[in-house]
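Note sheet for the following structure.
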Amino acid sequence: NCKKLIALSDWARNAQIDYLKRANFSREKIENKLITIHPPQKKIVNDIDEKQFEGTLNLLLVGADFFRKGGLEALEVIDALISEGHEIKFSIVSRMQFGDYASQSTTEDVTKARAIIEKHPSIHLFDYLSNEEVIEKMKDVHLVLLPSYEETYGYTVLEGQAAACPVITTNGTAFEEINNNEIGWVIEVDKDEHGRTVPRTAAAKAAFQTKIKTSLHQILTTALTDRELLKVKGKKALEKIEQQHNPVSVAQQLQTIYSEALNE
């Protein structure tokens with residue numbers, strides 16, 4: 001009896017329709033009610049000039065499922081770059097949960113990750129920060145990392161872009177709707193017929209990890225040497241947030257939906 005079903009992304013909308021098809025469910029009424037409205041996101045900085053792009057490259061990764069979000073691969077690349085003499089600060093906000101369905105991480109992975117963190121004083125692990133504290137931290141960040149095995153959406157992408165930070169993601173699920181190579185970097189990994197990037201075999205996982213690490217090394221090397229590119233992408237990311245995730249515009253869309261429903 002509902003009037004509308006709101007999906008957070010076209011990928012989520014299409015996944016719902018696909019589920020109904022596979023379940024042999026009479027889907028016409030539901031499909032006609034499905035619409036997409038991406039989440040709203042306030043700007044964290046108002047202008048690109050509020051950001052400082054010089055000095056030590058400042059990176060951030062946020063997420064409880066550290067390994068699912070490509071955290072270990074990111075750490076290994078940053079470990080190599082710091083060891084080569086590059087000035088990088090890497091902040092991690094995570095409880096370092098492991099054993100998730102996508103990365104299949106183990107206690108050995110946790111040990112490896114913590115060893116890298118302890119090795120470098122410029123890598124900082126925060127078990128917990130409030131959302132307000134994360135937002136404040138993003139104001140000083142140059143790049144947000146989310147080279148994830150899989151995400152249902154990826155809200156950190158929007159928060160990073162709202163702080164004029166280019167974001168590094170993979171290309172699965174909703175990522176391609178909210179990130180691209182004009183405003184950030186998208187690492188192209190293998191996807192299944194449903195647009196998901198979860199590796200299903202040991203060989204697929206090895207190929208995934210190799211692609212993530214190779215691509216991250218190339219991207220971060222570019223970021224270290226071309227700060228103007230970071231600024232250009234950051235400016236475009238901020239403009240995208242204002243144009244596509246403006247809280248006022250989203251509220252107006254919702255108001256229209258409710259008004260039409262009440263008048264039917």
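Please note that chains go A, B, ... in the order of the structure tokens, that every chain numbers its residues from 1, and that ligands are numbered from 1 in the order shown.
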
For region 232-247 of chain A, list every protein, DNA or RNA residue within 7 Å, evaluated using only C-alpha atoms, and leave out those in the same chain fewer than 2 positions away; present the list as a ChimeraX atom specification.
/A:38-42,48,161-166,182-184,228-230,249-251

Compile the contact shell of Gly85 (chain A) as a PDB file with N, CA, C and O atoms, in the first residue's frame: residues with an atom at most 12 Å away, counting only C-alpha atoms, same-chain residues fewer than 4 positions apart removed.
ATOM      1  N   THR A  56      53.225  17.532   3.749  1.00  0.00           N
ATOM      2  CA  THR A  56      53.059  16.091   3.884  1.00  0.00           C
ATOM      3  C   THR A  56      51.712  15.652   3.314  1.00  0.00           C
ATOM      4  O   THR A  56      50.682  16.274   3.596  1.00  0.00           O
ATOM      5  N   ILE A  78      51.354   2.143   1.462  1.00  0.00           N
ATOM      6  CA  ILE A  78      51.861   3.309   2.189  1.00  0.00           C
ATOM      7  C   ILE A  78      53.147   2.965   2.939  1.00  0.00           C
ATOM      8  O   ILE A  78      54.074   3.781   3.017  1.00  0.00           O
ATOM      9  N   ASP A  79      53.227   1.757   3.461  1.00  0.00           N
ATOM     10  CA  ASP A  79      54.459   1.267   4.085  1.00  0.00           C
ATOM     11  C   ASP A  79      55.623   1.373   3.102  1.00  0.00           C
ATOM     12  O   ASP A  79      56.708   1.889   3.437  1.00  0.00           O
ATOM     13  N   ALA A  80      55.402   0.920   1.871  1.00  0.00           N
ATOM     14  CA  ALA A  80      56.461   0.959   0.857  1.00  0.00           C
ATOM     15  C   ALA A  80      56.836   2.393   0.500  1.00  0.00           C
ATOM     16  O   ALA A  80      58.024   2.729   0.387  1.00  0.00           O
ATOM     17  N   LEU A  81      55.840   3.265   0.356  1.00  0.00           N
ATOM     18  CA  LEU A  81      56.111   4.651  -0.036  1.00  0.00           C
ATOM     19  C   LEU A  81      56.858   5.410   1.063  1.00  0.00           C
ATOM     20  O   LEU A  81      57.783   6.176   0.780  1.00  0.00           O
ATOM     21  N   HIS A 120      55.651   2.844  11.700  1.00  0.00           N
ATOM     22  CA  HIS A 120      55.746   4.213  11.204  1.00  0.00           C
ATOM     23  C   HIS A 120      55.026   5.196  12.129  1.00  0.00           C
ATOM     24  O   HIS A 120      53.805   5.111  12.289  1.00  0.00           O
ATOM     25  N   THR A 221      51.557   7.970  -5.849  1.00  0.00           N
ATOM     26  CA  THR A 221      52.773   8.564  -6.416  1.00  0.00           C
ATOM     27  C   THR A 221      52.419   9.828  -7.192  1.00  0.00           C
ATOM     28  O   THR A 221      53.107  10.853  -7.092  1.00  0.00           O
ATOM     29  N   LEU A 224      51.537  12.594  -4.705  1.00  0.00           N
ATOM     30  CA  LEU A 224      52.717  13.140  -4.044  1.00  0.00           C
ATOM     31  C   LEU A 224      53.423  14.182  -4.905  1.00  0.00           C
ATOM     32  O   LEU A 224      54.001  15.142  -4.386  1.00  0.00           O
TER      33      LEU A 224
END

Spatial neighbours of Ser148 (chain A), max dist 7 Å, only C-alpha atoms, sep filter under 3 positions, as a PyMOL selection string
chain A and resi 68-70+151+169-170

Could you write out the selected residues, including N, CA, C and O atoms, as a PDB file, in the first residue's frame?
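And here's selection34.pdb as it stands now:
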ATOM      1  N   ARG A  68      37.745  -5.205   4.831  1.00  0.00           N
ATOM      2  CA  ARG A  68      36.788  -5.151   3.713  1.00  0.00           C
ATOM      3  C   ARG A  68      36.951  -3.861   2.919  1.00  0.00           C
ATOM      4  O   ARG A  68      36.703  -3.827   1.709  1.00  0.00           O
ATOM      5  N   LYS A  69      37.383  -2.812   3.578  1.00  0.00           N
ATOM      6  CA  LYS A  69      37.527  -1.521   2.921  1.00  0.00           C
ATOM      7  C   LYS A  69      38.886  -1.340   2.242  1.00  0.00           C
ATOM      8  O   LYS A  69      39.250  -0.231   1.843  1.00  0.00           O
ATOM      9  N   GLY A  70      39.619  -2.435   2.108  1.00  0.00           N
ATOM     10  CA  GLY A  70      40.915  -2.360   1.436  1.00  0.00           C
ATOM     11  C   GLY A  70      42.006  -1.779   2.303  1.00  0.00           C
ATOM     12  O   GLY A  70      43.045  -1.322   1.805  1.00  0.00           O
ATOM     13  N   GLU A 151      30.917  -2.353  -0.998  1.00  0.00           N
ATOM     14  CA  GLU A 151      30.150  -1.408  -0.192  1.00  0.00           C
ATOM     15  C   GLU A 151      28.700  -1.459  -0.652  1.00  0.00           C
ATOM     16  O   GLU A 151      28.429  -1.656  -1.836  1.00  0.00           O
ATOM     17  N   THR A 169      38.285   4.940  -4.836  1.00  0.00           N
ATOM     18  CA  THR A 169      37.374   3.816  -4.630  1.00  0.00           C
ATOM     19  C   THR A 169      37.623   2.744  -5.677  1.00  0.00           C
ATOM     20  O   THR A 169      38.366   2.948  -6.636  1.00  0.00           O
ATOM     21  N   THR A 170      36.969   1.618  -5.481  1.00  0.00           N
ATOM     22  CA  THR A 170      36.852   0.631  -6.548  1.00  0.00           C
ATOM     23  C   THR A 170      35.613   0.998  -7.372  1.00  0.00           C
ATOM     24  O   THR A 170      35.050   2.076  -7.226  1.00  0.00           O
TER      25      THR A 170
END

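Closest to Thr197 (chain A) among A:Thr111, A:Ser130, A:Gln209, A:Gln97 is A:Gln209, based on only C-alpha atoms.
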
Taking the chain letters and numbering used in this document, name the residues of region 102-260 of chain A that DSSP puts in alpha helix (DSSP H), as a PyMOL selection string.
chain A and resi 107-119+131-138+155-162+175-178+202-225+227-244+247-260

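Close contacts of Lys205 (chain A), defined as residues with an atom at most 12 Å away when counting only C-alpha atoms, with chain neighbours fewer than 4 positions off set aside, comprise Arg68, Gly70, Glu73, Ala102, Ser103, Gln104, Ser105, Tyr149, Val189, Asp190, Thr197, Val198, Pro199, Arg200, Thr201, Gln209, Thr210, Lys211 and Ile212 of chain A.
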
Within 10 Å of Asn32 (chain A) using only C-alpha atoms, minus same-chain residues under 2 positions, as a PyMOL selection string:
chain A and resi 3-5+27-30+34-35

Enumerate the residues of region 24-236 of chain A with a DSSP assignment of strand (DSSP E or B), computed from the backbone, and present them as an MDAnalysis selection string.
chainID A and resid 34:36 57:62 88:93 123:126 143:146 167:170 185:187

Please produce an output containing N, CA and C atoms for each residue in the selection, written as a PDB file, in the first residue's frame.
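Saved the output as part.pdb:
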ATOM      1  N   LEU A  34       9.433   2.358  -7.386  1.00  0.00           N
ATOM      2  CA  LEU A  34      10.849   2.517  -7.058  1.00  0.00           C
ATOM      3  C   LEU A  34      11.440   3.762  -7.713  1.00  0.00           C
ATOM      4  N   ILE A  35      12.042   4.623  -6.905  1.00  0.00           N
ATOM      5  CA  ILE A  35      12.762   5.784  -7.409  1.00  0.00           C
ATOM      6  C   ILE A  35      14.110   5.861  -6.687  1.00  0.00           C
ATOM      7  N   THR A  36      15.017   6.626  -7.261  1.00  0.00           N
ATOM      8  CA  THR A  36      16.340   6.802  -6.657  1.00  0.00           C
ATOM      9  C   THR A  36      16.511   8.231  -6.165  1.00  0.00           C
ATOM     10  N   LEU A  57      51.700  14.589   2.521  1.00  0.00           N
ATOM     11  CA  LEU A  57      50.446  14.080   1.958  1.00  0.00           C
ATOM     12  C   LEU A  57      49.635  13.444   3.078  1.00  0.00           C
ATOM     13  N   ASN A  58      48.434  13.949   3.281  1.00  0.00           N
ATOM     14  CA  ASN A  58      47.596  13.563   4.418  1.00  0.00           C
ATOM     15  C   ASN A  58      46.455  12.676   3.925  1.00  0.00           C
ATOM     16  N   LEU A  59      46.436  11.424   4.373  1.00  0.00           N
ATOM     17  CA  LEU A  59      45.473  10.424   3.909  1.00  0.00           C
ATOM     18  C   LEU A  59      44.583   9.967   5.060  1.00  0.00           C
ATOM     19  N   LEU A  60      43.368   9.512   4.709  1.00  0.00           N
ATOM     20  CA  LEU A  60      42.415   9.048   5.725  1.00  0.00           C
ATOM     21  C   LEU A  60      41.630   7.850   5.205  1.00  0.00           C
ATOM     22  N   LEU A  61      41.446   6.862   6.081  1.00  0.00           N
ATOM     23  CA  LEU A  61      40.566   5.727   5.805  1.00  0.00           C
ATOM     24  C   LEU A  61      39.672   5.528   7.022  1.00  0.00           C
ATOM     25  N   VAL A  62      38.367   5.429   6.793  1.00  0.00           N
ATOM     26  CA  VAL A  62      37.399   5.308   7.883  1.00  0.00           C
ATOM     27  C   VAL A  62      36.539   4.067   7.659  1.00  0.00           C
ATOM     28  N   ILE A  88      54.317  11.024   4.188  1.00  0.00           N
ATOM     29  CA  ILE A  88      52.901  10.672   4.180  1.00  0.00           C
ATOM     30  C   ILE A  88      52.412  10.538   5.614  1.00  0.00           C
ATOM     31  N   LYS A  89      51.262  11.123   5.878  1.00  0.00           N
ATOM     32  CA  LYS A  89      50.563  10.902   7.143  1.00  0.00           C
ATOM     33  C   LYS A  89      49.281  10.131   6.820  1.00  0.00           C
ATOM     34  N   PHE A  90      49.097   9.011   7.503  1.00  0.00           N
ATOM     35  CA  PHE A  90      47.939   8.160   7.233  1.00  0.00           C
ATOM     36  C   PHE A  90      47.159   7.960   8.520  1.00  0.00           C
ATOM     37  N   SER A  91      45.933   8.464   8.556  1.00  0.00           N
ATOM     38  CA  SER A  91      45.063   8.299   9.720  1.00  0.00           C
ATOM     39  C   SER A  91      44.014   7.230   9.418  1.00  0.00           C
ATOM     40  N   ILE A  92      43.856   6.304  10.354  1.00  0.00           N
ATOM     41  CA  ILE A  92      42.897   5.205  10.215  1.00  0.00           C
ATOM     42  C   ILE A  92      41.914   5.290  11.373  1.00  0.00           C
ATOM     43  N   VAL A  93      40.628   5.356  11.043  1.00  0.00           N
ATOM     44  CA  VAL A  93      39.595   5.324  12.079  1.00  0.00           C
ATOM     45  C   VAL A  93      38.868   3.993  11.927  1.00  0.00           C
ATOM     46  N   ILE A 123      51.768   6.937  10.851  1.00  0.00           N
ATOM     47  CA  ILE A 123      50.524   6.207  10.675  1.00  0.00           C
ATOM     48  C   ILE A 123      49.826   6.145  12.029  1.00  0.00           C
ATOM     49  N   HIS A 124      48.596   6.641  12.070  1.00  0.00           N
ATOM     50  CA  HIS A 124      47.877   6.762  13.337  1.00  0.00           C
ATOM     51  C   HIS A 124      46.571   5.967  13.279  1.00  0.00           C
ATOM     52  N   LEU A 125      46.366   5.102  14.252  1.00  0.00           N
ATOM     53  CA  LEU A 125      45.140   4.308  14.344  1.00  0.00           C
ATOM     54  C   LEU A 125      44.274   4.841  15.473  1.00  0.00           C
ATOM     55  N   PHE A 126      43.036   5.174  15.137  1.00  0.00           N
ATOM     56  CA  PHE A 126      42.046   5.597  16.127  1.00  0.00           C
ATOM     57  C   PHE A 126      40.956   4.528  16.175  1.00  0.00           C
ATOM     58  N   LEU A 143      43.451  13.283   0.681  1.00  0.00           N
ATOM     59  CA  LEU A 143      42.845  12.160  -0.041  1.00  0.00           C
ATOM     60  C   LEU A 143      42.145  11.238   0.941  1.00  0.00           C
ATOM     61  N   VAL A 144      40.950  10.782   0.579  1.00  0.00           N
ATOM     62  CA  VAL A 144      40.241   9.762   1.353  1.00  0.00           C
ATOM     63  C   VAL A 144      40.350   8.444   0.603  1.00  0.00           C
ATOM     64  N   LEU A 145      40.692   7.383   1.324  1.00  0.00           N
ATOM     65  CA  LEU A 145      40.881   6.063   0.716  1.00  0.00           C
ATOM     66  C   LEU A 145      39.704   5.149   1.037  1.00  0.00           C
ATOM     67  N   LEU A 146      39.129   4.543   0.001  1.00  0.00           N
ATOM     68  CA  LEU A 146      38.102   3.528   0.187  1.00  0.00           C
ATOM     69  C   LEU A 146      38.161   2.516  -0.965  1.00  0.00           C
ATOM     70  N   VAL A 167      38.530  11.144  -3.658  1.00  0.00           N
ATOM     71  CA  VAL A 167      38.382   9.851  -2.989  1.00  0.00           C
ATOM     72  C   VAL A 167      38.826   8.747  -3.945  1.00  0.00           C
ATOM     73  N   ILE A 168      39.530   7.762  -3.402  1.00  0.00           N
ATOM     74  CA  ILE A 168      39.944   6.590  -4.178  1.00  0.00           C
ATOM     75  C   ILE A 168      39.001   5.444  -3.840  1.00  0.00           C
ATOM     76  N   THR A 169      38.285   4.940  -4.836  1.00  0.00           N
ATOM     77  CA  THR A 169      37.374   3.816  -4.630  1.00  0.00           C
ATOM     78  C   THR A 169      37.623   2.744  -5.677  1.00  0.00           C
ATOM     79  N   THR A 170      36.969   1.618  -5.481  1.00  0.00           N
ATOM     80  CA  THR A 170      36.852   0.631  -6.548  1.00  0.00           C
ATOM     81  C   THR A 170      35.613   0.998  -7.372  1.00  0.00           C
ATOM     82  N   TRP A 185      39.534   9.061  -7.974  1.00  0.00           N
ATOM     83  CA  TRP A 185      40.119   7.949  -8.720  1.00  0.00           C
ATOM     84  C   TRP A 185      39.276   6.703  -8.515  1.00  0.00           C
ATOM     85  N   VAL A 186      39.012   5.990  -9.603  1.00  0.00           N
ATOM     86  CA  VAL A 186      38.263   4.737  -9.545  1.00  0.00           C
ATOM     87  C   VAL A 186      39.170   3.610 -10.025  1.00  0.00           C
ATOM     88  N   ILE A 187      39.386   2.623  -9.160  1.00  0.00           N
ATOM     89  CA  ILE A 187      40.194   1.455  -9.511  1.00  0.00           C
ATOM     90  C   ILE A 187      39.275   0.405 -10.122  1.00  0.00           C
TER      91      ILE A 187
END

Which residues come within 9 Å of Ile37 (chain A), counting only C-alpha atoms, excluding same-chain residues fewer than 4 positions away, as an MDAnalysis selection string?
chainID A and resid 6:10 250 253:254

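Between CA of Val157 (chain A) and CA of Asn14 (chain A) the separation is 21.0 Å.
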
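What separates CA of Leu216 (chain A) from CA of Ala15 (chain A) is a distance of 28.9 Å.
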
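Coordinates place CA of Ala202 (chain A) at a distance of 28.5 Å from CA of Glu118 (chain A).
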